[in-house]
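Coordinates as given in target-v9.cif (mmCIF, C-alpha atoms):
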data_upload
#
loop_
_atom_site.group_PDB
_atom_site.id
_atom_site.type_symbol
_atom_site.label_atom_id
_atom_site.label_comp_id
_atom_site.auth_asym_id
_atom_site.auth_seq_id
_atom_site.Cartn_x
_atom_site.Cartn_y
_atom_site.Cartn_z
ATOM 1 C CA MET A 1137 30.893 26.037 -19.311
ATOM 2 C CA SER A 1138 34.616 26.773 -19.352
ATOM 3 C CA ALA A 1139 37.271 24.466 -20.754
ATOM 4 C CA LYS A 1140 41.062 24.512 -21.128
ATOM 5 C CA ASN A 1141 41.324 21.772 -23.750
ATOM 6 C CA GLY A 1142 39.240 23.127 -26.612
ATOM 7 C CA ALA A 1143 35.473 23.226 -27.043
ATOM 8 C CA VAL A 1144 33.606 20.634 -24.983
ATOM 9 C CA LYS A 1145 31.735 18.018 -27.020
ATOM 10 C CA LEU A 1146 29.524 15.178 -25.790
ATOM 11 C CA VAL A 1147 29.124 11.983 -27.816
ATOM 12 C CA ALA A 1148 26.749 9.200 -26.792
ATOM 13 C CA GLY A 1149 26.672 5.543 -27.727
ATOM 14 C CA ASN A 1150 23.549 3.389 -27.612
ATOM 15 C CA ALA A 1151 23.970 2.081 -24.038
ATOM 16 C CA ASN A 1152 22.049 4.811 -22.208
ATOM 17 C CA PRO A 1153 20.880 7.659 -24.470
ATOM 18 C CA ALA A 1154 18.406 8.940 -21.867
ATOM 19 C CA LEU A 1155 21.189 9.566 -19.330
ATOM 20 C CA ALA A 1156 23.371 11.158 -22.017
ATOM 21 C CA ARG A 1157 20.574 13.598 -22.879
ATOM 22 C CA GLU A 1158 20.100 14.475 -19.199
ATOM 23 C CA ILE A 1159 23.825 15.115 -18.754
ATOM 24 C CA ALA A 1160 23.861 17.312 -21.855
ATOM 25 C CA LYS A 1161 20.836 19.212 -20.579
ATOM 26 C CA TRP A 1162 22.487 19.743 -17.189
ATOM 27 C CA LEU A 1163 25.606 21.128 -18.896
ATOM 28 C CA GLY A 1164 23.605 23.298 -21.282
ATOM 29 C CA LEU A 1165 25.059 21.523 -24.325
ATOM 30 C CA GLU A 1166 23.731 19.593 -27.295
ATOM 31 C CA LEU A 1167 24.893 16.053 -27.953
ATOM 32 C CA THR A 1168 27.301 15.918 -30.886
ATOM 33 C CA LYS A 1169 25.632 14.400 -33.918
ATOM 34 C CA ALA A 1170 26.956 10.915 -34.542
ATOM 35 C CA SER A 1171 25.726 7.764 -36.217
ATOM 36 C CA VAL A 1172 26.300 4.505 -34.336
ATOM 37 C CA ARG A 1173 24.706 1.715 -36.317
ATOM 38 C CA ARG A 1174 25.175 -1.876 -37.427
ATOM 39 C CA PHE A 1175 25.728 -3.597 -40.738
ATOM 40 C CA ALA A 1176 23.598 -6.597 -41.676
ATOM 41 C CA ASP A 1177 26.057 -8.942 -39.936
ATOM 42 C CA ASN A 1178 25.952 -6.782 -36.755
ATOM 43 C CA GLU A 1179 29.363 -5.186 -37.263
ATOM 44 C CA ILE A 1180 29.334 -1.759 -35.626
ATOM 45 C CA PHE A 1181 29.854 1.345 -37.741
ATOM 46 C CA VAL A 1182 30.417 4.813 -36.294
ATOM 47 C CA GLU A 1183 30.440 8.167 -38.064
ATOM 48 C CA VAL A 1184 30.864 11.468 -36.220
ATOM 49 C CA LEU A 1185 28.781 14.007 -38.134
ATOM 50 C CA GLU A 1186 30.269 17.210 -36.661
ATOM 51 C CA ASN A 1187 33.728 18.749 -36.581
ATOM 52 C CA VAL A 1188 35.573 17.718 -33.390
ATOM 53 C CA ARG A 1189 39.078 18.833 -34.372
ATOM 54 C CA GLY A 1190 40.812 20.278 -31.322
ATOM 55 C CA SER A 1191 37.832 19.542 -29.053
ATOM 56 C CA ASP A 1192 37.656 18.137 -25.521
ATOM 57 C CA VAL A 1193 35.309 15.200 -26.176
ATOM 58 C CA TYR A 1194 33.418 13.142 -23.581
ATOM 59 C CA VAL A 1195 32.060 9.787 -24.734
ATOM 60 C CA ILE A 1196 29.111 8.735 -22.544
ATOM 61 C CA GLN A 1197 28.737 4.968 -22.650
ATOM 62 C CA SER A 1198 28.007 2.397 -19.950
ATOM 63 C CA THR A 1199 29.314 -1.071 -20.761
ATOM 64 C CA SER A 1200 26.095 -2.713 -19.599
ATOM 65 C CA TYR A 1201 24.060 -5.479 -21.267
ATOM 66 C CA PRO A 1202 24.761 -6.387 -24.011
ATOM 67 C CA THR A 1203 28.195 -5.727 -22.539
ATOM 68 C CA ASN A 1204 30.368 -6.726 -25.486
ATOM 69 C CA ASP A 1205 28.329 -4.680 -27.980
ATOM 70 C CA HIS A 1206 28.464 -1.564 -25.846
ATOM 71 C CA LEU A 1207 32.175 -2.016 -25.156
ATOM 72 C CA MET A 1208 32.893 -2.289 -28.887
ATOM 73 C CA GLU A 1209 30.800 0.833 -29.513
ATOM 74 C CA LEU A 1210 32.937 2.710 -26.984
ATOM 75 C CA LEU A 1211 36.186 1.528 -28.577
ATOM 76 C CA ILE A 1212 35.082 2.327 -32.126
ATOM 77 C CA ILE A 1213 33.706 5.772 -31.170
ATOM 78 C CA THR A 1214 37.042 6.513 -29.501
ATOM 79 C CA ASP A 1215 38.947 5.454 -32.604
ATOM 80 C CA ALA A 1216 36.714 7.606 -34.818
ATOM 81 C CA LEU A 1217 37.294 10.642 -32.582
ATOM 82 C CA ARG A 1218 41.053 10.060 -32.467
ATOM 83 C CA ARG A 1219 41.204 9.909 -36.266
ATOM 84 C CA ALA A 1220 39.064 13.075 -36.418
ATOM 85 C CA SER A 1221 41.787 14.924 -34.427
ATOM 86 C CA ALA A 1222 39.957 15.427 -31.140
ATOM 87 C CA ARG A 1223 42.372 17.066 -28.702
ATOM 88 C CA ARG A 1224 41.369 14.977 -25.670
ATOM 89 C CA ILE A 1225 38.992 12.022 -25.314
ATOM 90 C CA THR A 1226 37.417 11.137 -21.969
ATOM 91 C CA ALA A 1227 35.450 7.907 -21.644
ATOM 92 C CA VAL A 1228 32.516 8.534 -19.293
ATOM 93 C CA ILE A 1229 31.530 5.030 -18.168
ATOM 94 C CA PRO A 1230 28.757 5.258 -15.540
ATOM 95 C CA TYR A 1231 28.714 1.457 -15.252
ATOM 96 C CA PHE A 1232 31.972 -0.383 -15.925
ATOM 97 C CA GLY A 1233 31.247 -3.910 -17.115
ATOM 98 C CA TYR A 1234 33.594 -6.798 -16.247
ATOM 99 C CA ALA A 1235 34.313 -5.065 -12.916
ATOM 100 C CA ARG A 1236 33.460 -8.231 -10.977
ATOM 101 C CA GLN A 1237 36.372 -10.005 -12.698
ATOM 102 C CA ASP A 1238 38.994 -7.953 -10.882
ATOM 103 C CA ARG A 1239 41.270 -10.765 -9.656
ATOM 104 C CA LYS A 1240 42.211 -14.381 -10.364
ATOM 105 C CA VAL A 1241 39.588 -16.610 -8.744
ATOM 106 C CA GLY A 1242 41.315 -19.852 -9.692
ATOM 107 C CA SER A 1243 44.079 -21.409 -11.741
ATOM 108 C CA ARG A 1244 44.236 -20.280 -15.381
ATOM 109 C CA SER A 1245 41.446 -17.713 -14.957
ATOM 110 C CA PRO A 1246 41.585 -14.189 -16.431
ATOM 111 C CA ILE A 1247 41.567 -10.749 -14.862
ATOM 112 C CA SER A 1248 39.063 -9.404 -17.385
ATOM 113 C CA ALA A 1249 38.707 -5.967 -15.762
ATOM 114 C CA LYS A 1250 42.398 -5.304 -16.495
ATOM 115 C CA LEU A 1251 42.016 -6.536 -20.081
ATOM 116 C CA VAL A 1252 39.068 -4.183 -20.661
ATOM 117 C CA ALA A 1253 41.025 -1.290 -19.120
ATOM 118 C CA ASN A 1254 43.861 -2.026 -21.558
ATOM 119 C CA LEU A 1255 41.463 -2.078 -24.518
ATOM 120 C CA ILE A 1256 39.969 1.286 -23.565
ATOM 121 C CA THR A 1257 43.417 2.819 -23.107
ATOM 122 C CA ARG A 1258 44.888 1.438 -26.330
ATOM 123 C CA ALA A 1259 41.875 2.615 -28.336
ATOM 124 C CA GLY A 1260 43.058 6.169 -27.682
ATOM 125 C CA THR A 1261 41.239 7.275 -24.530
ATOM 126 C CA ASP A 1262 43.076 9.986 -22.580
ATOM 127 C CA ARG A 1263 41.031 9.869 -19.389
ATOM 128 C CA VAL A 1264 38.237 7.845 -17.738
ATOM 129 C CA LEU A 1265 35.318 8.972 -15.588
ATOM 130 C CA THR A 1266 33.390 6.147 -13.952
ATOM 131 C CA LEU A 1267 31.041 5.579 -11.030
ATOM 132 C CA ASP A 1268 31.270 3.286 -7.981
ATOM 133 C CA LEU A 1269 33.705 0.704 -9.289
ATOM 134 C CA HIS A 1270 33.009 -2.722 -7.851
ATOM 135 C CA ALA A 1271 36.581 -2.857 -6.522
ATOM 136 C CA GLY A 1272 38.744 0.191 -5.872
ATOM 137 C CA GLN A 1273 41.876 -1.414 -7.319
ATOM 138 C CA ILE A 1274 40.340 -1.338 -10.813
ATOM 139 C CA GLN A 1275 41.184 2.369 -10.872
ATOM 140 C CA GLY A 1276 44.835 1.269 -10.913
ATOM 141 C CA PHE A 1277 44.252 -1.054 -13.882
ATOM 142 C CA PHE A 1278 44.153 2.000 -16.150
ATOM 143 C CA ASP A 1279 47.444 3.545 -17.273
ATOM 144 C CA ILE A 1280 45.681 6.881 -17.792
ATOM 145 C CA PRO A 1281 44.068 9.312 -15.294
ATOM 146 C CA THR A 1282 40.881 7.736 -13.915
ATOM 147 C CA ASP A 1283 38.296 9.374 -11.663
ATOM 148 C CA ASN A 1284 36.039 7.008 -9.728
ATOM 149 C CA LEU A 1285 32.946 8.998 -8.726
ATOM 150 C CA TYR A 1286 30.635 8.016 -5.874
ATOM 151 C CA ALA A 1287 26.846 7.994 -5.890
ATOM 152 C CA SER A 1288 26.706 8.392 -2.103
ATOM 153 C CA PRO A 1289 26.082 12.200 -2.112
ATOM 154 C CA VAL A 1290 23.027 11.674 -4.345
ATOM 155 C CA MET A 1291 21.790 8.837 -2.125
ATOM 156 C CA VAL A 1292 22.403 10.772 1.107
ATOM 157 C CA ARG A 1293 20.396 13.724 -0.190
ATOM 158 C CA ASP A 1294 17.502 11.427 -1.126
ATOM 159 C CA ILE A 1295 17.606 9.602 2.216
ATOM 160 C CA LYS A 1296 17.591 12.855 4.189
ATOM 161 C CA GLU A 1297 14.552 14.054 2.233
ATOM 162 C CA ARG A 1298 12.526 10.849 2.720
ATOM 163 C CA PHE A 1299 13.352 9.305 6.106
ATOM 164 C CA ASP A 1300 13.345 10.028 9.804
ATOM 165 C CA LEU A 1301 17.072 9.802 10.442
ATOM 166 C CA GLY A 1302 16.542 9.014 14.104
ATOM 167 C CA ASN A 1303 15.229 5.516 13.352
ATOM 168 C CA LEU A 1304 17.520 4.439 10.492
ATOM 169 C CA MET A 1305 19.941 1.534 10.438
ATOM 170 C CA VAL A 1306 22.388 1.243 7.526
ATOM 171 C CA VAL A 1307 23.057 -2.383 6.591
ATOM 172 C CA SER A 1308 25.848 -3.912 4.522
ATOM 173 C CA PRO A 1309 24.519 -6.998 2.669
ATOM 174 C CA ASP A 1310 27.911 -8.700 3.058
ATOM 175 C CA VAL A 1311 31.249 -8.280 4.794
ATOM 176 C CA GLY A 1312 32.890 -7.001 1.594
ATOM 177 C CA GLY A 1313 30.608 -3.969 1.477
ATOM 178 C CA VAL A 1314 31.230 -2.774 5.036
ATOM 179 C CA VAL A 1315 33.490 0.136 4.036
ATOM 180 C CA ARG A 1316 30.865 1.477 1.604
ATOM 181 C CA ALA A 1317 28.042 1.085 4.136
ATOM 182 C CA ARG A 1318 30.078 2.613 6.958
ATOM 183 C CA GLY A 1319 30.840 5.661 4.813
ATOM 184 C CA LEU A 1320 27.152 6.294 4.146
ATOM 185 C CA ALA A 1321 26.198 5.607 7.764
ATOM 186 C CA LYS A 1322 28.726 8.232 8.863
ATOM 187 C CA ARG A 1323 27.224 10.798 6.483
ATOM 188 C CA ILE A 1324 23.733 10.405 7.987
ATOM 189 C CA ASN A 1325 24.912 9.664 11.549
ATOM 190 C CA ALA A 1326 23.214 6.248 11.637
ATOM 191 C CA PRO A 1327 24.312 2.937 13.211
ATOM 192 C CA LEU A 1328 25.609 0.054 11.096
ATOM 193 C CA ALA A 1329 24.607 -3.604 10.849
ATOM 194 C CA ILE A 1330 26.131 -6.359 8.703
ATOM 195 C CA ILE A 1331 24.646 -9.388 6.960
ATOM 196 C CA ASP A 1332 26.909 -12.436 7.269
ATOM 197 C CA LYS A 1333 26.214 -14.718 4.324
ATOM 198 C CA ARG A 1334 27.715 -17.769 2.716
ATOM 199 C CA ARG A 1335 27.720 -17.986 -1.080
ATOM 200 C CA GLU A 1336 27.389 -21.610 -2.186
ATOM 201 C CA ARG A 1337 27.702 -20.911 -5.924
ATOM 202 C CA ALA A 1338 27.891 -17.921 -8.301
ATOM 203 C CA GLY A 1339 24.654 -15.945 -8.478
ATOM 204 C CA GLU A 1340 23.193 -17.493 -5.312
ATOM 205 C CA SER A 1341 23.576 -16.514 -1.676
ATOM 206 C CA GLU A 1342 22.405 -17.813 1.672
ATOM 207 C CA VAL A 1343 21.999 -15.420 4.584
ATOM 208 C CA MET A 1344 23.468 -16.882 7.752
ATOM 209 C CA ASN A 1345 23.317 -14.178 10.418
ATOM 210 C CA VAL A 1346 22.580 -10.510 11.146
ATOM 211 C CA ILE A 1347 25.318 -8.729 13.096
ATOM 212 C CA GLY A 1348 23.688 -5.844 14.986
ATOM 213 C CA ASP A 1349 20.344 -5.118 16.665
ATOM 214 C CA VAL A 1350 17.882 -4.104 13.940
ATOM 215 C CA ALA A 1351 14.644 -4.630 15.898
ATOM 216 C CA GLY A 1352 12.215 -1.735 15.340
ATOM 217 C CA SER A 1353 14.543 0.049 12.881
ATOM 218 C CA THR A 1354 14.005 1.117 9.298
ATOM 219 C CA CYS A 1355 16.873 -0.645 7.544
ATOM 220 C CA ILE A 1356 18.634 0.637 4.436
ATOM 221 C CA LEU A 1357 20.745 -1.882 2.532
ATOM 222 C CA ILE A 1358 23.669 -0.311 0.644
ATOM 223 C CA ASP A 1359 25.599 -1.927 -2.212
ATOM 224 C CA ASP A 1360 27.162 -1.117 -5.579
ATOM 225 C CA ILE A 1361 25.548 -3.749 -7.839
ATOM 226 C CA VAL A 1362 22.266 -5.665 -7.803
ATOM 227 C CA ASP A 1363 22.216 -8.410 -10.430
ATOM 228 C CA SER A 1364 19.974 -11.411 -9.730
ATOM 229 C CA GLY A 1365 18.546 -9.744 -6.618
ATOM 230 C CA GLY A 1366 19.008 -12.886 -4.521
ATOM 231 C CA THR A 1367 21.314 -11.257 -1.982
ATOM 232 C CA LEU A 1368 18.927 -8.354 -1.363
ATOM 233 C CA VAL A 1369 15.844 -10.555 -1.100
ATOM 234 C CA ASN A 1370 17.541 -12.901 1.381
ATOM 235 C CA ALA A 1371 18.916 -9.961 3.353
ATOM 236 C CA ALA A 1372 15.462 -8.353 3.571
ATOM 237 C CA ASP A 1373 13.986 -11.647 4.800
ATOM 238 C CA ALA A 1374 16.668 -11.947 7.478
ATOM 239 C CA LEU A 1375 16.219 -8.358 8.665
ATOM 240 C CA ILE A 1376 12.425 -8.666 8.898
ATOM 241 C CA ALA A 1377 12.880 -11.938 10.803
ATOM 242 C CA LYS A 1378 15.093 -10.063 13.276
ATOM 243 C CA GLY A 1379 12.373 -7.461 13.890
ATOM 244 C CA ALA A 1380 13.211 -4.699 11.405
ATOM 245 C CA LYS A 1381 10.251 -2.383 10.772
ATOM 246 C CA ASP A 1382 10.862 -1.859 7.026
ATOM 247 C CA VAL A 1383 13.686 -2.645 4.627
ATOM 248 C CA TYR A 1384 14.819 -0.395 1.773
ATOM 249 C CA ALA A 1385 17.826 -0.778 -0.537
ATOM 250 C CA TYR A 1386 19.971 1.859 -2.246
ATOM 251 C CA ILE A 1387 22.113 0.338 -5.001
ATOM 252 C CA THR A 1388 24.228 2.235 -7.545
ATOM 253 C CA HIS A 1389 24.048 -0.113 -10.534
ATOM 254 C CA GLY A 1390 20.780 -1.890 -11.307
ATOM 255 C CA VAL A 1391 21.969 -4.744 -13.535
ATOM 256 C CA LEU A 1392 18.796 -6.715 -12.660
ATOM 257 C CA SER A 1393 19.277 -9.569 -15.102
ATOM 258 C CA GLY A 1394 16.893 -12.446 -15.796
ATOM 259 C CA GLY A 1395 13.906 -12.504 -13.445
ATOM 260 C CA ALA A 1396 15.425 -10.060 -10.952
ATOM 261 C CA ALA A 1397 12.677 -7.440 -11.323
ATOM 262 C CA ALA A 1398 9.960 -10.020 -10.562
ATOM 263 C CA ARG A 1399 12.038 -11.295 -7.637
ATOM 264 C CA ILE A 1400 12.271 -7.781 -6.184
ATOM 265 C CA ALA A 1401 8.555 -7.180 -6.773
ATOM 266 C CA GLY A 1402 7.665 -10.290 -4.748
ATOM 267 C CA SER A 1403 10.141 -9.619 -1.941
ATOM 268 C CA LYS A 1404 9.840 -7.969 1.475
ATOM 269 C CA LEU A 1405 11.769 -4.942 0.221
ATOM 270 C CA LYS A 1406 9.672 -1.831 0.676
ATOM 271 C CA GLU A 1407 11.614 -0.123 -2.092
ATOM 272 C CA LEU A 1408 14.731 -0.649 -4.181
ATOM 273 C CA VAL A 1409 16.347 2.610 -5.282
ATOM 274 C CA ILE A 1410 18.844 2.396 -8.156
ATOM 275 C CA THR A 1411 20.615 5.080 -10.167
ATOM 276 C CA ASP A 1412 20.202 5.467 -13.911
ATOM 277 C CA SER A 1413 23.826 4.431 -14.597
ATOM 278 C CA ILE A 1414 22.254 1.565 -16.564
ATOM 279 C CA GLN A 1415 19.228 2.185 -18.770
ATOM 280 C CA PRO A 1416 16.326 0.369 -17.059
ATOM 281 C CA THR A 1417 14.420 -2.335 -18.903
ATOM 282 C CA ASP A 1418 10.646 -2.269 -19.353
ATOM 283 C CA ALA A 1419 10.361 -4.867 -16.584
ATOM 284 C CA VAL A 1420 12.256 -2.600 -14.191
ATOM 285 C CA ASN A 1421 10.169 0.440 -15.139
ATOM 286 C CA LYS A 1422 6.976 -1.508 -14.478
ATOM 287 C CA THR A 1423 8.043 -2.781 -11.040
ATOM 288 C CA ALA A 1424 6.221 -0.721 -8.414
ATOM 289 C CA ASN A 1425 8.860 -0.995 -5.690
ATOM 290 C CA ILE A 1426 11.848 -0.018 -7.867
ATOM 291 C CA ARG A 1427 12.650 3.697 -8.151
ATOM 292 C CA LEU A 1428 15.288 5.478 -10.245
ATOM 293 C CA LEU A 1429 17.617 8.159 -8.907
ATOM 294 C CA SER A 1430 19.287 10.451 -11.455
ATOM 295 C CA ILE A 1431 23.066 10.823 -11.497
ATOM 296 C CA ALA A 1432 23.072 13.253 -14.433
ATOM 297 C CA GLY A 1433 23.921 16.212 -12.192
ATOM 298 C CA LEU A 1434 26.774 14.352 -10.494
ATOM 299 C CA ILE A 1435 28.365 13.261 -13.773
ATOM 300 C CA GLY A 1436 27.648 16.639 -15.379
ATOM 301 C CA GLU A 1437 29.467 18.464 -12.582
ATOM 302 C CA ALA A 1438 32.407 16.033 -12.849
ATOM 303 C CA ILE A 1439 32.623 16.698 -16.598
ATOM 304 C CA ASN A 1440 32.416 20.437 -15.961
ATOM 305 C CA ARG A 1441 35.269 20.298 -13.441
ATOM 306 C CA THR A 1442 37.399 18.018 -15.611
ATOM 307 C CA ALA A 1443 36.998 20.326 -18.590
ATOM 308 C CA ALA A 1444 37.988 23.325 -16.474
ATOM 309 C CA GLU A 1445 40.918 21.431 -14.881
ATOM 310 C CA GLN A 1446 39.353 21.769 -11.426
ATOM 311 C CA SER A 1447 39.265 19.278 -8.547
ATOM 312 C CA VAL A 1448 36.825 16.375 -8.919
ATOM 313 C CA SER A 1449 37.560 14.779 -5.546
ATOM 314 C CA SER A 1450 36.257 17.884 -3.744
ATOM 315 C CA LEU A 1451 32.781 16.839 -4.877
ATOM 316 C CA PHE A 1452 32.899 14.172 -2.165
ATOM 317 C CA ASP A 1453 34.547 16.063 0.707
#
Rendering of file as C-alpha cells:
Amino acid sequence: MSAKNGAVKLVAGNANPALAREIAKWLGLELTKASVRRFADNEIFVEVLENVRGSDVYVIQSTSYPTNDHLMELLIITDALRRASARRITAVIPYFGYARQDRKVGSRSPISAKLVANLITRAGTDRVLTLDLHAGQIQGFFDIPTDNLYASPVMVRDIKERFDLGNLMVVSPDVGGVVRARGLAKRINAPLAIIDKRRERAGESEVMNVIGDVAGSTCILIDDIVDSGGTLVNAADALIAKGAKDVYAYITHGVLSGGAAARIAGSKLKELVITDSIQPTDAVNKTANIRLLSIAGLIGEAINRTAAEQSVSSLFD
C-alpha cells in the first residue's frame, strides 16, 4: 500500500485483537510488535518493540468494556509512539466509548464525550478514524481531523445478498434514529416505519406505537448501539403484534452488556446482526440468533486511503 507520511505501521491494543489482525491481513501488513501489559497493581505498561521513527502509525483500539482500561491503553500507546518519534499517529477507534454522554442531561452533569476527545487529542493523536458515532456532533468535539465511517455499505451488501428486497420494511427503533434508518432504506429502495417509544428510566424502554403499516413485511430494525437489548426486544414484540412476518436487526455496535445475549436469544428477533467493532463475548458467540459482520475491509480501505492522502468520504457516495 502507498503512503505519503512514512511507512505504514499498525499497532493494536487489547480491546479487539481479532479485528486488528483482520485489518492487517486485509492491508497485507503485519501488526507492529508491541507489549501492552499490566503491573501487579493493574497499572498499564506499553513497550513498542519495533522502530517506528518517521512512520505513519495507526493504533487500532475500541474503547469498549472495560472502557476505562481500554481508553488508558490507547492514551499510553499514543504517548509511547510520540516519544518514539512516529511521524503521524492515527487513533482507529471502531467503537467510541462515552459517546452516549454527548450533551448535558441535567444540572451539573458532564459532557464526557468531549472530555474523552480532549484526552485523546492531548495524548498526541494527529487524526481519528471511528465508526458510526452515536451522535454526529461528537466529530466536532475533536480539535484534530476526524473521519466518522459508516457501516451501512457493509450492511446493505449483506441485506441484498440475503433478503427479497420487494418485501422489506426498514424500521427505526426510535424517533432519534430516523435519519440513519431513512438513509439505509433509500439505499435498498424500501419503505420506512418508526417505533414510537417512551423511556421511563435509563436502560429501559416501553414501546408505545408503530408508525407505518408493517403487516406481512419482513422488518429490519436499524440502530447504532445495542446495549441491554430491551429496545430491540420490545420493538420486535410490537412489530410482530402489528402483523410483521419476521423481524431482523442490524446494529453497528454490539455492546450487549449484562444478560443482553440471553434476552436476545429468548426474543422474537429472527436474527440480530452486529459488526465486530467490539470483540464479542463467549455468551454472544454462543447465541444462535446473533451473527457477526466483519468491518475489517471497510476500516482497512479507510486506512489505505488516509495513508495515501485520498478521499475517505467517497467510500460512502
Work out where the centre of an axis-aligned box around every listed atom of range 1295-1299 of chain A lies and how long its edges are once 4 Å is added on each side; give both in Å to one decimal as JSON.
{"center_x": 15.1, "center_y": 11.7, "center_z": 4.2, "size_x": 13.1, "size_y": 12.7, "size_z": 11.9}
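As for CA of Tyr1286 in chain A and CA of Asp1215 in chain A, they are spaced 28.1 Å apart.
Note that CA of Asp1192 in chain A and CA of Ile1180 in chain A are 23.8 Å apart.
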If we count only C-alpha atoms and set the cut-off at 12 Å, which residues sit around Leu1375 in chain A, ignoring sequence neighbours fewer than 2 positions away in its own chain? Please answer as a VMD selection string. chain A and resid 1305 to 1309 1329 to 1332 1343 to 1357 1368 to 1373 1377 to 1384 1404 to 1405
Could you please take those selected residues and save C-alpha atoms as a PDB file, in the coordinates of the input?
ATOM      1  CA  MET A1305      19.941   1.534  10.438  1.00  0.00           C
ATOM      2  CA  VAL A1306      22.388   1.243   7.526  1.00  0.00           C
ATOM      3  CA  VAL A1307      23.057  -2.383   6.591  1.00  0.00           C
ATOM      4  CA  SER A1308      25.848  -3.912   4.522  1.00  0.00           C
ATOM      5  CA  PRO A1309      24.519  -6.998   2.669  1.00  0.00           C
ATOM      6  CA  ALA A1329      24.607  -3.604  10.849  1.00  0.00           C
ATOM      7  CA  ILE A1330      26.131  -6.359   8.703  1.00  0.00           C
ATOM      8  CA  ILE A1331      24.646  -9.388   6.960  1.00  0.00           C
ATOM      9  CA  ASP A1332      26.909 -12.436   7.269  1.00  0.00           C
ATOM     10  CA  VAL A1343      21.999 -15.420   4.584  1.00  0.00           C
ATOM     11  CA  MET A1344      23.468 -16.882   7.752  1.00  0.00           C
ATOM     12  CA  ASN A1345      23.317 -14.178  10.418  1.00  0.00           C
ATOM     13  CA  VAL A1346      22.580 -10.510  11.146  1.00  0.00           C
ATOM     14  CA  ILE A1347      25.318  -8.729  13.096  1.00  0.00           C
ATOM     15  CA  GLY A1348      23.688  -5.844  14.986  1.00  0.00           C
ATOM     16  CA  ASP A1349      20.344  -5.118  16.665  1.00  0.00           C
ATOM     17  CA  VAL A1350      17.882  -4.104  13.940  1.00  0.00           C
ATOM     18  CA  ALA A1351      14.644  -4.630  15.898  1.00  0.00           C
ATOM     19  CA  GLY A1352      12.215  -1.735  15.340  1.00  0.00           C
ATOM     20  CA  SER A1353      14.543   0.049  12.881  1.00  0.00           C
ATOM     21  CA  THR A1354      14.005   1.117   9.298  1.00  0.00           C
ATOM     22  CA  CYS A1355      16.873  -0.645   7.544  1.00  0.00           C
ATOM     23  CA  ILE A1356      18.634   0.637   4.436  1.00  0.00           C
ATOM     24  CA  LEU A1357      20.745  -1.882   2.532  1.00  0.00           C
ATOM     25  CA  LEU A1368      18.927  -8.354  -1.363  1.00  0.00           C
ATOM     26  CA  VAL A1369      15.844 -10.555  -1.100  1.00  0.00           C
ATOM     27  CA  ASN A1370      17.541 -12.901   1.381  1.00  0.00           C
ATOM     28  CA  ALA A1371      18.916  -9.961   3.353  1.00  0.00           C
ATOM     29  CA  ALA A1372      15.462  -8.353   3.571  1.00  0.00           C
ATOM     30  CA  ASP A1373      13.986 -11.647   4.800  1.00  0.00           C
ATOM     31  CA  ALA A1377      12.880 -11.938  10.803  1.00  0.00           C
ATOM     32  CA  LYS A1378      15.093 -10.063  13.276  1.00  0.00           C
ATOM     33  CA  GLY A1379      12.373  -7.461  13.890  1.00  0.00           C
ATOM     34  CA  ALA A1380      13.211  -4.699  11.405  1.00  0.00           C
ATOM     35  CA  LYS A1381      10.251  -2.383  10.772  1.00  0.00           C
ATOM     36  CA  ASP A1382      10.862  -1.859   7.026  1.00  0.00           C
ATOM     37  CA  VAL A1383      13.686  -2.645   4.627  1.00  0.00           C
ATOM     38  CA  TYR A1384      14.819  -0.395   1.773  1.00  0.00           C
ATOM     39  CA  LYS A1404       9.840  -7.969   1.475  1.00  0.00           C
ATOM     40  CA  LEU A1405      11.769  -4.942   0.221  1.00  0.00           C
TER      41      LEU A1405
END
For the PyMOL selection byres ((chain A and resi 1150) around 12), applied here, can you spell out every residue it catches as number ranges by chain? A: 1147-1149, 1151-1157, 1170-1174, 1180, 1182, 1195-1203, 1205-1210, 1213, 1414-1415
If you count all atoms listed in the file, the residue of A:Val1193, A:Val1409, A:Ile1376, A:Ala1321 closest to Thr1388 in chain A turns out to be A:Val1409
Quick check on the file I pasted: which residues fall under the PyMOL selection byres ((chain A and resi 1268) around 12)? Write them as a CSV table (one decimal) with C-alpha atoms, in the coordinates of the input.
chain,number,residue,atom,x,y,z
A,1229,ILE,CA,31.5,5.0,-18.2
A,1230,PRO,CA,28.8,5.3,-15.5
A,1231,TYR,CA,28.7,1.5,-15.3
A,1232,PHE,CA,32.0,-0.4,-15.9
A,1233,GLY,CA,31.2,-3.9,-17.1
A,1235,ALA,CA,34.3,-5.1,-12.9
A,1265,LEU,CA,35.3,9.0,-15.6
A,1266,THR,CA,33.4,6.1,-14.0
A,1267,LEU,CA,31.0,5.6,-11.0
A,1269,LEU,CA,33.7,0.7,-9.3
A,1270,HIS,CA,33.0,-2.7,-7.9
A,1271,ALA,CA,36.6,-2.9,-6.5
A,1272,GLY,CA,38.7,0.2,-5.9
A,1273,GLN,CA,41.9,-1.4,-7.3
A,1274,ILE,CA,40.3,-1.3,-10.8
A,1275,GLN,CA,41.2,2.4,-10.9
A,1283,ASP,CA,38.3,9.4,-11.7
A,1284,ASN,CA,36.0,7.0,-9.7
A,1285,LEU,CA,32.9,9.0,-8.7
A,1286,TYR,CA,30.6,8.0,-5.9
A,1287,ALA,CA,26.8,8.0,-5.9
A,1288,SER,CA,26.7,8.4,-2.1
A,1289,PRO,CA,26.1,12.2,-2.1
A,1313,GLY,CA,30.6,-4.0,1.5
A,1316,ARG,CA,30.9,1.5,1.6
A,1359,ASP,CA,25.6,-1.9,-2.2
A,1360,ASP,CA,27.2,-1.1,-5.6
A,1361,ILE,CA,25.5,-3.7,-7.8
A,1387,ILE,CA,22.1,0.3,-5.0
A,1388,THR,CA,24.2,2.2,-7.5
A,1389,HIS,CA,24.0,-0.1,-10.5
A,1411,THR,CA,20.6,5.1,-10.2
A,1413,SER,CA,23.8,4.4,-14.6
A,1431,ILE,CA,23.1,10.8,-11.5
A,1435,ILE,CA,28.4,13.3,-13.8
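CA of Leu1434 in chain A is found 25.8 Å from CA of Gly1190 in chain A.
Of the residues listed (A:Gln1237, A:Ala1216, A:Gly1365, A:Val1290), A:Val1290 shows the shortest atom-to-atom separation from Gly1433 in chain A; distances use all atoms listed in the file.
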What do you get, as a list in words, if you spell out every residue that the PyMOL selection byres ((chain A and resi 1186) around 7) selects here? Thr1168, Lys1169, Val1184, Leu1185, Asn1187 and Val1188 of chain A
